[in-house]
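To be precise, the following lines are my_file03.pdb, and they hold PDB, C-alpha atoms, pLDDT in the B column.
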MODEL        1
ATOM      1  CA  LEU A  27      96.913 100.325  98.229  1.00 91.00           C
ATOM      2  CA  ASN A  28      96.537  97.418  95.824  1.00 95.00           C
ATOM      3  CA  ASP A  29      93.730  95.209  97.108  1.00 95.00           C
ATOM      4  CA  LEU A  30      90.616  95.294  99.272  1.00 94.00           C
ATOM      5  CA  PHE A  31      88.839  92.359 100.940  1.00 94.00           C
ATOM      6  CA  PHE A  32      85.785  92.365 103.218  1.00 94.00           C
ATOM      7  CA  GLN A  33      84.795  89.346 105.307  1.00 92.00           C
ATOM      8  CA  SER A  34      81.531  90.977 106.312  1.00 91.00           C
ATOM      9  CA  ALA A  35      79.794  94.334 106.220  1.00 92.00           C
ATOM     10  CA  ASN A  36      82.071  95.560 109.017  1.00 95.00           C
ATOM     11  CA  ILE A  37      85.329  93.623 108.856  1.00 95.00           C
ATOM     12  CA  GLY A  38      87.628  94.431 105.958  1.00 95.00           C
ATOM     13  CA  TRP A  39      91.256  94.613 104.928  1.00 96.00           C
ATOM     14  CA  VAL A  40      93.477  96.471 102.496  1.00 96.00           C
ATOM     15  CA  CYS A  41      97.080  95.844 101.528  1.00 97.00           C
ATOM     16  CA  GLY A  42      99.632  97.782  99.523  1.00 97.00           C
ATOM     17  CA  ASP A  43     103.251  98.714  98.986  1.00 97.00           C
ATOM     18  CA  ASN A  44     106.040  98.754 101.546  1.00 97.00           C
ATOM     19  CA  GLY A  45     104.385  96.167 103.794  1.00 97.00           C
ATOM     20  CA  SER A  46     101.164  98.136 104.165  1.00 97.00           C
ATOM     21  CA  ILE A  47      98.280  96.234 105.815  1.00 97.00           C
ATOM     22  CA  LYS A  48      95.201  97.909 107.297  1.00 96.00           C
ATOM     23  CA  LYS A  49      92.045  96.551 108.938  1.00 96.00           C
ATOM     24  CA  THR A  50      88.622  97.973 109.709  1.00 96.00           C
ATOM     25  CA  THR A  51      86.010  96.551 112.062  1.00 96.00           C
ATOM     26  CA  ASN A  52      83.365  99.220 111.477  1.00 96.00           C
ATOM     27  CA  GLY A  53      82.790  99.162 107.739  1.00 94.00           C
ATOM     28  CA  GLY A  54      85.678 101.457 106.891  1.00 95.00           C
ATOM     29  CA  THR A  55      85.016 104.346 109.250  1.00 95.00           C
ATOM     30  CA  VAL A  56      88.314 103.679 111.038  1.00 96.00           C
ATOM     31  CA  TRP A  57      91.318 101.744 109.722  1.00 96.00           C
ATOM     32  CA  THR A  58      94.089 100.418 111.958  1.00 95.00           C
ATOM     33  CA  THR A  59      97.587  99.716 110.650  1.00 95.00           C
ATOM     34  CA  ASN A  60      99.400  96.425 111.160  1.00 92.00           C
ATOM     35  CA  ASN A  61     102.246  96.494 108.662  1.00 95.00           C
ATOM     36  CA  PHE A  62     104.542  93.541 108.062  1.00 96.00           C
ATOM     37  CA  GLY A  63     107.895  93.682 106.300  1.00 94.00           C
ATOM     38  CA  ALA A  64     108.652  95.938 103.345  1.00 95.00           C
ATOM     39  CA  ASP A  65     107.356  94.000 100.345  1.00 95.00           C
ATOM     40  CA  ASN A  66     104.721  95.309  97.953  1.00 98.00           C
ATOM     41  CA  TYR A  67     101.552  93.354  98.642  1.00 98.00           C
ATOM     42  CA  LYS A  68      99.237  92.705  95.693  1.00 98.00           C
ATOM     43  CA  SER A  69      96.392  90.570  97.034  1.00 98.00           C
ATOM     44  CA  ILE A  70      94.701  89.688 100.313  1.00 98.00           C
ATOM     45  CA  TYR A  71      92.238  86.914 101.101  1.00 97.00           C
ATOM     46  CA  PHE A  72      90.581  85.788 104.338  1.00 97.00           C
ATOM     47  CA  LEU A  73      88.686  82.560 104.850  1.00 95.00           C
ATOM     48  CA  SER A  74      84.982  82.990 105.520  1.00 90.00           C
ATOM     49  CA  ASN A  75      84.128  83.472 109.201  1.00 88.00           C
ATOM     50  CA  SER A  76      87.741  82.790 110.115  1.00 93.00           C
ATOM     51  CA  SER A  77      90.727  84.545 111.645  1.00 96.00           C
ATOM     52  CA  THR A  78      92.976  82.974 108.978  1.00 97.00           C
ATOM     53  CA  GLY A  79      94.114  85.070 106.040  1.00 97.00           C
ATOM     54  CA  PHE A  80      96.779  85.244 103.339  1.00 98.00           C
ATOM     55  CA  ILE A  81      98.573  87.993 101.441  1.00 98.00           C
ATOM     56  CA  SER A  82     100.684  87.644  98.290  1.00 98.00           C
ATOM     57  CA  GLY A  83     103.045  90.108  96.686  1.00 98.00           C
ATOM     58  CA  THR A  84     106.290  90.868  94.929  1.00 98.00           C
ATOM     59  CA  ASN A  85     109.378  88.656  95.118  1.00 97.00           C
ATOM     60  CA  GLY A  86     107.216  85.570  95.590  1.00 98.00           C
ATOM     61  CA  LYS A  87     105.994  86.796  98.958  1.00 98.00           C
ATOM     62  CA  ILE A  88     103.177  84.941 100.733  1.00 98.00           C
ATOM     63  CA  ILE A  89     102.319  85.655 104.355  1.00 98.00           C
ATOM     64  CA  LYS A  90      99.692  84.091 106.607  1.00 98.00           C
ATOM     65  CA  THR A  91      97.873  85.058 109.783  1.00 97.00           C
ATOM     66  CA  THR A  92      95.816  82.821 112.054  1.00 97.00           C
ATOM     67  CA  ASN A  93      94.776  85.535 114.508  1.00 96.00           C
ATOM     68  CA  SER A  94      93.074  88.156 112.327  1.00 95.00           C
ATOM     69  CA  GLY A  95      96.260  89.993 111.445  1.00 94.00           C
ATOM     70  CA  THR A  96      97.790  90.429 114.886  1.00 93.00           C
ATOM     71  CA  ASN A  97     100.741  88.372 113.705  1.00 95.00           C
ATOM     72  CA  TRP A  98     101.887  87.448 110.214  1.00 97.00           C
ATOM     73  CA  VAL A  99     104.240  84.603 109.230  1.00 97.00           C
ATOM     74  CA  SER A 100     106.089  84.281 105.919  1.00 97.00           C
ATOM     75  CA  GLN A 101     105.559  81.156 103.848  1.00 97.00           C
ATOM     76  CA  THR A 102     107.899  79.541 101.327  1.00 96.00           C
ATOM     77  CA  SER A 103     106.635  79.930  97.761  1.00 97.00           C
ATOM     78  CA  ASN A 104     109.812  78.770  95.974  1.00 95.00           C
ATOM     79  CA  THR A 105     109.534  81.613  93.470  1.00 97.00           C
ATOM     80  CA  THR A 106     110.767  85.182  93.208  1.00 97.00           C
ATOM     81  CA  LYS A 107     108.102  86.179  90.702  1.00 98.00           C
ATOM     82  CA  SER A 108     105.436  88.656  91.711  1.00 98.00           C
ATOM     83  CA  LEU A 109     102.332  86.865  92.988  1.00 98.00           C
ATOM     84  CA  ASN A 110      99.516  89.161  91.946  1.00 98.00           C
ATOM     85  CA  CYS A 111      96.501  87.340  93.363  1.00 98.00           C
ATOM     86  CA  ILE A 112      95.714  84.646  95.920  1.00 98.00           C
ATOM     87  CA  THR A 113      92.517  82.761  96.784  1.00 97.00           C
ATOM     88  CA  PHE A 114      91.420  79.745  98.820  1.00 97.00           C
ATOM     89  CA  SER A 115      88.534  77.329  98.318  1.00 94.00           C
ATOM     90  CA  ASP A 116      88.767  76.093 101.911  1.00 95.00           C
ATOM     91  CA  SER A 117      91.198  76.164 104.821  1.00 95.00           C
ATOM     92  CA  LEU A 118      93.659  73.843 103.040  1.00 97.00           C
ATOM     93  CA  ILE A 119      93.409  74.338  99.277  1.00 98.00           C
ATOM     94  CA  GLY A 120      94.591  77.609  97.776  1.00 98.00           C
ATOM     95  CA  TYR A 121      95.970  79.082  94.562  1.00 98.00           C
ATOM     96  CA  ALA A 122      98.244  82.019  93.772  1.00 98.00           C
ATOM     97  CA  VAL A 123      99.009  83.423  90.311  1.00 98.00           C
ATOM     98  CA  GLY A 124     101.464  86.005  89.068  1.00 98.00           C
ATOM     99  CA  ASP A 125     104.046  87.193  86.587  1.00 98.00           C
ATOM    100  CA  SER A 126     105.312  85.060  83.711  1.00 97.00           C
ATOM    101  CA  GLY A 127     102.336  82.734  84.046  1.00 97.00           C
ATOM    102  CA  ILE A 128     103.263  81.415  87.494  1.00 98.00           C
ATOM    103  CA  VAL A 129     100.551  79.318  89.173  1.00 98.00           C
ATOM    104  CA  LEU A 130     101.025  77.921  92.677  1.00 98.00           C
ATOM    105  CA  LYS A 131      98.796  75.547  94.623  1.00 98.00           C
ATOM    106  CA  THR A 132      98.755  74.468  98.251  1.00 98.00           C
ATOM    107  CA  THR A 133      96.803  71.569  99.730  1.00 98.00           C
ATOM    108  CA  ASN A 134      97.900  72.094 103.341  1.00 98.00           C
ATOM    109  CA  GLY A 135      96.993  75.664 104.164  1.00 97.00           C
ATOM    110  CA  GLY A 136     100.137  77.186 102.694  1.00 97.00           C
ATOM    111  CA  THR A 137     102.747  75.055 104.420  1.00 97.00           C
ATOM    112  CA  ASN A 138     103.884  73.940 100.969  1.00 97.00           C
ATOM    113  CA  TRP A 139     103.278  75.599  97.607  1.00 98.00           C
ATOM    114  CA  ILE A 140     103.661  73.585  94.389  1.00 98.00           C
ATOM    115  CA  THR A 141     104.184  75.146  90.954  1.00 98.00           C
ATOM    116  CA  GLN A 142     101.689  74.091  88.296  1.00 98.00           C
ATOM    117  CA  ILE A 143     102.068  74.246  84.519  1.00 96.00           C
ATOM    118  CA  SER A 144      99.920  77.093  83.179  1.00 95.00           C
ATOM    119  CA  HIS A 145     101.203  76.932  79.571  1.00 92.00           C
ATOM    120  CA  THR A 146     101.629  80.695  79.351  1.00 93.00           C
ATOM    121  CA  ILE A 147     104.386  83.210  79.970  1.00 94.00           C
ATOM    122  CA  LEU A 148     101.935  86.109  80.167  1.00 93.00           C
ATOM    123  CA  ASN A 149     101.469  87.813  83.508  1.00 95.00           C
ATOM    124  CA  LEU A 150      98.416  86.546  85.379  1.00 96.00           C
ATOM    125  CA  ARG A 151      96.640  89.263  87.343  1.00 94.00           C
ATOM    126  CA  SER A 152      93.716  87.563  89.052  1.00 93.00           C
ATOM    127  CA  VAL A 153      92.373  84.188  90.161  1.00 95.00           C
ATOM    128  CA  ASP A 154      89.010  83.042  91.520  1.00 91.00           C
ATOM    129  CA  LYS A 155      87.405  79.727  92.342  1.00 90.00           C
ATOM    130  CA  MET A 156      84.067  78.023  92.013  1.00 86.00           C
ATOM    131  CA  ASP A 157      85.244  75.133  94.160  1.00 89.00           C
ATOM    132  CA  ALA A 158      88.503  73.345  94.976  1.00 93.00           C
ATOM    133  CA  ASN A 159      88.830  71.996  91.426  1.00 92.00           C
ATOM    134  CA  LYS A 160      87.233  74.639  89.198  1.00 89.00           C
ATOM    135  CA  ILE A 161      89.565  77.654  89.081  1.00 91.00           C
ATOM    136  CA  ILE A 162      89.836  80.528  86.609  1.00 88.00           C
ATOM    137  CA  ALA A 163      92.573  83.142  86.141  1.00 91.00           C
ATOM    138  CA  SER A 164      93.032  86.159  83.866  1.00 87.00           C
ATOM    139  CA  GLY A 165      95.852  88.452  82.855  1.00 88.00           C
ATOM    140  CA  ASP A 166      97.747  90.306  80.154  1.00 88.00           C
ATOM    141  CA  ARG A 167      96.656  90.385  76.496  1.00 83.00           C
ATOM    142  CA  GLY A 168      93.233  89.171  77.497  1.00 78.00           C
ATOM    143  CA  ILE A 169      94.400  85.724  78.534  1.00 84.00           C
ATOM    144  CA  ILE A 170      92.058  83.499  80.517  1.00 84.00           C
ATOM    145  CA  ILE A 171      93.084  80.096  81.826  1.00 88.00           C
ATOM    146  CA  TYR A 172      90.999  77.660  83.803  1.00 87.00           C
ATOM    147  CA  THR A 173      91.077  74.182  85.265  1.00 90.00           C
ATOM    148  CA  ILE A 174      88.335  71.749  86.198  1.00 88.00           C
ATOM    149  CA  ASN A 175      90.601  69.239  87.940  1.00 93.00           C
ATOM    150  CA  GLY A 176      92.507  71.262  90.503  1.00 96.00           C
ATOM    151  CA  GLY A 177      95.285  72.268  88.130  1.00 95.00           C
ATOM    152  CA  ALA A 178      96.235  68.839  86.779  1.00 95.00           C
ATOM    153  CA  GLU A 179      95.449  70.441  83.405  1.00 93.00           C
ATOM    154  CA  TRP A 180      95.010  74.128  82.642  1.00 93.00           C
ATOM    155  CA  ILE A 181      92.947  75.148  79.620  1.00 86.00           C
ATOM    156  CA  GLN A 182      93.989  78.314  77.850  1.00 83.00           C
ATOM    157  CA  ARG A 183      91.405  80.733  76.518  1.00 69.00           C
ATOM    158  CA  VAL A 184      92.757  83.434  74.188  1.00 57.00           C
ATOM    159  CA  GLY A 185      91.167  85.991  71.920  1.00 51.00           C
ATOM    160  CA  VAL A 186      88.414  87.082  74.303  1.00 56.00           C
ATOM    161  CA  SER A 187      90.041  90.488  74.573  1.00 61.00           C
ATOM    162  CA  SER A 188      93.319  92.037  73.482  1.00 68.00           C
ATOM    163  CA  ASN A 189      93.385  94.165  76.636  1.00 70.00           C
ATOM    164  CA  ARG A 190      94.747  93.220  80.021  1.00 80.00           C
ATOM    165  CA  LEU A 191      92.105  91.589  82.231  1.00 80.00           C
ATOM    166  CA  ASN A 192      92.909  92.789  85.723  1.00 85.00           C
ATOM    167  CA  ARG A 193      90.250  90.912  87.651  1.00 82.00           C
ATOM    168  CA  VAL A 194      88.116  87.841  87.189  1.00 82.00           C
ATOM    169  CA  CYS A 195      85.338  86.971  89.610  1.00 78.00           C
ATOM    170  CA  ILE A 196      82.677  84.327  90.087  1.00 77.00           C
ATOM    171  CA  PRO A 197      79.769  85.689  92.122  1.00 70.00           C
ATOM    172  CA  PRO A 198      78.474  83.499  94.958  1.00 69.00           C
ATOM    173  CA  SER A 199      76.032  80.817  93.780  1.00 63.00           C
ATOM    174  CA  ASP A 200      76.999  81.456  90.151  1.00 61.00           C
ATOM    175  CA  SER A 201      79.263  79.767  87.642  1.00 60.00           C
ATOM    176  CA  LEU A 202      79.467  82.598  85.102  1.00 64.00           C
ATOM    177  CA  ALA A 203      82.785  84.397  85.449  1.00 65.00           C
ATOM    178  CA  THR A 204      83.166  88.075  84.588  1.00 66.00           C
ATOM    179  CA  ALA A 205      86.571  89.454  83.584  1.00 66.00           C
ATOM    180  CA  ILE A 206      87.281  93.140  84.177  1.00 66.00           C
ATOM    181  CA  GLY A 207      89.914  94.829  82.048  1.00 62.00           C
ATOM    182  CA  VAL A 208      91.469  98.103  81.029  1.00 58.00           C
ATOM    183  CA  LYS A 209      89.733 100.733  78.893  1.00 56.00           C
ATOM    184  CA  GLY A 210      86.494 100.256  80.812  1.00 56.00           C
ATOM    185  CA  TRP A 211      85.521  96.867  79.403  1.00 54.00           C
ATOM    186  CA  LEU A 212      83.985  93.845  81.084  1.00 61.00           C
ATOM    187  CA  VAL A 213      83.739  90.485  79.341  1.00 62.00           C
ATOM    188  CA  LYS A 214      81.378  87.669  80.298  1.00 64.00           C
ATOM    189  CA  ALA A 215      80.689  84.265  78.758  1.00 59.00           C
ATOM    190  CA  ASN A 216      77.237  82.964  77.917  1.00 55.00           C
ATOM    191  CA  LYS A 217      77.832  79.738  79.821  1.00 57.00           C
ATOM    192  CA  PRO A 218      79.875  78.505  82.803  1.00 63.00           C
ATOM    193  CA  PHE A 219      83.587  78.918  82.208  1.00 60.00           C
ATOM    194  CA  TYR A 220      84.189  75.179  82.537  1.00 58.00           C
ATOM    195  CA  GLU A 221      81.821  74.463  79.620  1.00 56.00           C
ATOM    196  CA  TYR A 222      83.615  76.603  77.042  1.00 48.00           C
ATOM    197  CA  LEU A 223      83.478  75.392  73.471  1.00 41.00           C
ATOM    198  CA  ILE A 224      85.162  76.590  70.317  1.00 40.00           C
ATOM    199  CA  ASN A 225      83.477  79.702  68.918  1.00 44.00           C
ATOM    200  CA  ASP A 226      81.350  80.376  71.983  1.00 48.00           C
ATOM    201  CA  THR A 227      79.642  83.746  72.066  1.00 52.00           C
ATOM    202  CA  PHE A 228      80.896  86.332  74.531  1.00 55.00           C
ATOM    203  CA  TYR A 229      79.270  89.521  75.733  1.00 57.00           C
ATOM    204  CA  LYS A 230      80.905  92.814  76.584  1.00 60.00           C
ATOM    205  CA  ILE A 231      79.836  95.988  78.327  1.00 61.00           C
ATOM    206  CA  ASN A 232      81.517  99.371  78.558  1.00 61.00           C
ATOM    207  CA  VAL A 233      81.347 100.691  82.115  1.00 57.00           C
ATOM    208  CA  ASN A 234      81.584 104.194  80.684  1.00 65.00           C
ATOM    209  CA  ASN A 235      78.346 103.563  78.769  1.00 67.00           C
ATOM    210  CA  LEU A 236      76.273 101.206  80.903  1.00 61.00           C
ATOM    211  CA  SER A 237      73.028 102.352  79.287  1.00 69.00           C
ATOM    212  CA  ALA A 238      74.084 100.559  76.102  1.00 67.00           C
ATOM    213  CA  GLY A 239      73.868  97.270  77.985  1.00 63.00           C
ATOM    214  CA  TRP A 240      75.641  94.013  77.207  1.00 61.00           C
ATOM    215  CA  GLN A 241      76.680  93.789  73.566  1.00 63.00           C
ATOM    216  CA  THR A 242      77.337  90.621  71.616  1.00 62.00           C
ATOM    217  CA  LYS A 243      81.010  90.044  70.952  1.00 57.00           C
ATOM    218  CA  ALA A 244      81.494  88.077  67.736  1.00 49.00           C
ATOM    219  CA  ALA A 245      82.152  84.383  68.047  1.00 44.00           C
ATOM    220  CA  LEU A 246      85.870  83.929  68.307  1.00 39.00           C
ATOM    221  CA  PRO A 247      87.474  82.960  64.997  1.00 36.00           C
ATOM    222  CA  ILE A 248      90.133  80.570  66.282  1.00 33.00           C
ATOM    223  CA  PRO A 249      90.111  77.436  68.414  1.00 31.00           C
ATOM    224  CA  ILE A 250      90.271  78.960  71.851  1.00 29.00           C
ATOM    225  CA  ALA A 251      89.652  76.041  74.168  1.00 28.00           C
ATOM    226  CA  GLU A 252      92.451  73.565  73.965  1.00 28.00           C
ATOM    227  CA  VAL A 253      93.578  71.252  76.748  1.00 26.00           C
ATOM    228  CA  PHE A 254      97.364  71.180  76.887  1.00 25.00           C
ATOM    229  CA  SER A 255      99.218  68.249  78.402  1.00 25.00           C
ATOM    230  CA  SER A 256     102.473  68.673  80.274  1.00 25.00           C
ATOM    231  CA  SER A 257     104.375  67.557  77.187  1.00 26.00           C
ATOM    232  CA  ALA A 258     102.795  70.064  74.837  1.00 27.00           C
ATOM    233  CA  VAL A 259     104.855  72.761  73.143  1.00 27.00           C
ATOM    234  CA  ILE A 260     103.224  76.133  73.601  1.00 26.00           C
ATOM    235  CA  ASN A 261     103.977  79.083  71.334  1.00 28.00           C
ATOM    236  CA  ASP A 262     103.185  82.135  73.443  1.00 27.00           C
TER     237      ASP A 262
ENDMDL
END
Written as structure tokens, how would this file's structure read?
Amino acid sequence: LNDLFFQSANIGWVCGDNGSIKKTTNGGTVWTTNNFGADNYKSIYFLSNSSTGFISGTNGKIIKTTNSGTNWVSQTSNTTKSLNCITFSDSLIGYAVGDSGIVLKTTNGGTNWITQISHTILNLRSVDKMDANKIIASGDRGIIIYTINGGAEWIQRVGVSSNRLNRVCIPPSDSLATAIGVKGWLVKANKPFYEYLINDTFYKINVNNLSAGWQTKAALPIPIAEVFSSSAVIND
């Protein structure tokens, strides 16, 4: 099983390899199986208070349900790269990220997915949203990318960590994103991700030593917030 998503205290979903999809309606006491296909699913997301949900996975797979998982329908992503995470800001606008820096966006509920220019070839592992235009993603070698204009431009943030950042999340009613990586480390900025400046201070905490609290991570020594245009040459 690769991902877990709860719509409420009782209703939740998990997805995994070989088409595995499971649902609970009683907080996880009982899980029912409703597999679809044979792909390895990496991420699952359901709209709030809705029967509509999406799953992404290997080989560019994206599937959608509009009846709480009773039926699933494949969508066309126009990529064969693994799509490691998917999220939606509303019923129409969604983003999926994956291997080799792939970023996809839909503005019509997944009917069409358009590739955006992320300016990285590193694998992206996670994506989260503050709203339809402010999106942040994380991945291998500590990369963080974000956009404040719906993906028209992606800003690349490097040097925060040399470790893979498997998950980035923006808590409800908050603009401070926390990135969770390997070796037990979490990294968090001291200001909203869309206000990053060169040499901002970051904070880190070791989940294996929570009593030590958040520690100051030295200001980053290189320009780490640069807006790249579509014509820029990027040396990954």
Next item on the list: Run through the PyMOL selection byres ((chain A and resi 41) around 7) on the given coordinates and return the selected residues as a list in words.
Entry: Leu27, Asn28, Asp29, Leu30, Trp39, Val40, Gly42, Ser46, Ile47, Lys48, Tyr67, Lys68, Ser69 and Ile70 of chain A
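For the pair CA of Asn85 (chain A) and CA of Asp65 (chain A), the separation is 7.7 Å.
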Item checked: Of the listed residues A:Val99, A:Ala178, A:Ala158, A:Leu150, that which approaches Cys111 (chain A) most closely, counting all atoms listed in the file -> A:Leu150
Item checked: Which residue of A:Asn192, A:Thr141, A:Asn36, A:Ser152 approaches Thr113 (chain A) most closely, using all atoms listed in the file -> A:Ser152
Next item on the list: Would you kindly return, as an NGL selection string, each protein, DNA or RNA residue with an atom no farther than 12 Å from any atom of Ile119 (chain A), considering all atoms listed in the file and excluding same-chain residues fewer than 4 positions away?
Entry: :A and (73 or 112-115 or 130-140 or 155 or 157-161 or 176-177)
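Rounded to one decimal, CA of Ile181 (chain A) and CA of Phe80 (chain A) lie 26.1 Å from each other.
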